[in-house]
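Contents: one structure, followed by commentary.
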Amino acid sequence: MTPGRVAQAIGGVFAAIGTPTSAPKPRGKSPGWQQGKKRHRKNRCPIVKKTVARPPKEPSVAV
């Protein structure tokens with residue numbers, strides 16, 4: 001048999017002999033928030049903006 005045919009047939013072989021691993025266990029939903037617990041918004045920090053750097057003034061030359 002070619003390697004491709006072996007790869008196609010390996011699924012049937014595993015189905016016949018079984019697998020050493022255990023079946024996956026079902027998981028439930030997470031409990032979520034407790035009943036009656038208040039939810040608070042996240043504390044926001046004030047926005048810090050950079051000041052605009054003005055170009056230096058050119059010295060006026062008196063003529």
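Ordered as shown in the structure tokens, chains take letters A, B, and onward, while each chain numbers its residues from 1 and ligands are numbered from 1 in the order shown.
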DSSP-assigned helix (DSSP H, G or I) members of chain A, reported as a ChimeraX atom specification: /A:3-17
Selection export as an mmCIF file, in the first residue's frame, atoms kept: N, CA, C and O atoms:
```cif
data_model
loop_
_atom_site.group_PDB
_atom_site.id
_atom_site.type_symbol
_atom_site.label_atom_id
_atom_site.label_comp_id
_atom_site.auth_asym_id
_atom_site.auth_seq_id
_atom_site.Cartn_x
_atom_site.Cartn_y
_atom_site.Cartn_z
ATOM 1 N N PRO A 3 1.776 5.219 1.040
ATOM 2 C CA PRO A 3 1.604 5.971 2.289
ATOM 3 C C PRO A 3 0.277 6.716 2.354
ATOM 4 O O PRO A 3 -0.324 6.850 3.419
ATOM 5 N N GLY A 4 -0.224 7.171 1.198
ATOM 6 C CA GLY A 4 -1.503 7.865 1.185
ATOM 7 C C GLY A 4 -2.656 6.942 1.551
ATOM 8 O O GLY A 4 -3.572 7.314 2.283
ATOM 9 N N ARG A 5 -2.629 5.721 1.045
ATOM 10 C CA ARG A 5 -3.680 4.757 1.357
ATOM 11 C C ARG A 5 -3.619 4.347 2.830
ATOM 12 O O ARG A 5 -4.648 4.141 3.469
ATOM 13 N N VAL A 6 -2.405 4.228 3.367
ATOM 14 C CA VAL A 6 -2.255 3.890 4.792
ATOM 15 C C VAL A 6 -2.830 5.014 5.652
ATOM 16 O O VAL A 6 -3.535 4.762 6.635
ATOM 17 N N ALA A 7 -2.558 6.264 5.268
ATOM 18 C CA ALA A 7 -3.070 7.396 6.021
ATOM 19 C C ALA A 7 -4.592 7.428 5.979
ATOM 20 O O ALA A 7 -5.251 7.794 6.966
ATOM 21 N N GLN A 8 -5.192 7.032 4.845
ATOM 22 C CA GLN A 8 -6.645 7.001 4.746
ATOM 23 C C GLN A 8 -7.238 5.890 5.603
ATOM 24 O O GLN A 8 -8.320 6.033 6.167
ATOM 25 N N ALA A 9 -6.551 4.778 5.739
ATOM 26 C CA ALA A 9 -7.079 3.625 6.463
ATOM 27 C C ALA A 9 -6.801 3.685 7.956
ATOM 28 O O ALA A 9 -7.399 2.919 8.722
ATOM 29 N N ILE A 10 -5.913 4.552 8.400
ATOM 30 C CA ILE A 10 -5.521 4.565 9.816
ATOM 31 C C ILE A 10 -6.693 4.931 10.727
ATOM 32 O O ILE A 10 -6.765 4.484 11.872
ATOM 33 N N GLY A 11 -7.645 5.728 10.231
ATOM 34 C CA GLY A 11 -8.813 6.079 11.041
ATOM 35 C C GLY A 11 -9.641 4.858 11.382
ATOM 36 O O GLY A 11 -10.129 4.711 12.511
ATOM 37 N N GLY A 12 -9.809 3.951 10.428
ATOM 38 C CA GLY A 12 -10.545 2.706 10.688
ATOM 39 C C GLY A 12 -9.814 1.814 11.659
ATOM 40 O O GLY A 12 -10.434 1.122 12.478
ATOM 41 N N VAL A 13 -8.490 1.820 11.581
ATOM 42 C CA VAL A 13 -7.692 1.012 12.514
ATOM 43 C C VAL A 13 -7.864 1.547 13.939
ATOM 44 O O VAL A 13 -8.069 0.771 14.884
ATOM 45 N N PHE A 14 -7.796 2.847 14.108
ATOM 46 C CA PHE A 14 -7.976 3.433 15.441
ATOM 47 C C PHE A 14 -9.378 3.161 15.978
ATOM 48 O O PHE A 14 -9.571 2.931 17.159
ATOM 49 N N ALA A 15 -10.375 3.195 15.102
ATOM 50 C CA ALA A 15 -11.745 2.925 15.535
ATOM 51 C C ALA A 15 -11.887 1.485 16.012
ATOM 52 O O ALA A 15 -12.638 1.198 16.948
ATOM 53 N N ALA A 16 -11.158 0.577 15.386
ATOM 54 C CA ALA A 16 -11.252 -0.834 15.748
ATOM 55 C C ALA A 16 -10.525 -1.145 17.047
ATOM 56 O O ALA A 16 -11.038 -1.880 17.895
ATOM 57 N N ILE A 17 -9.339 -0.567 17.238
ATOM 58 C CA ILE A 17 -8.557 -0.922 18.434
ATOM 59 C C ILE A 17 -8.809 0.018 19.601
ATOM 60 O O ILE A 17 -8.467 -0.286 20.733
#
```
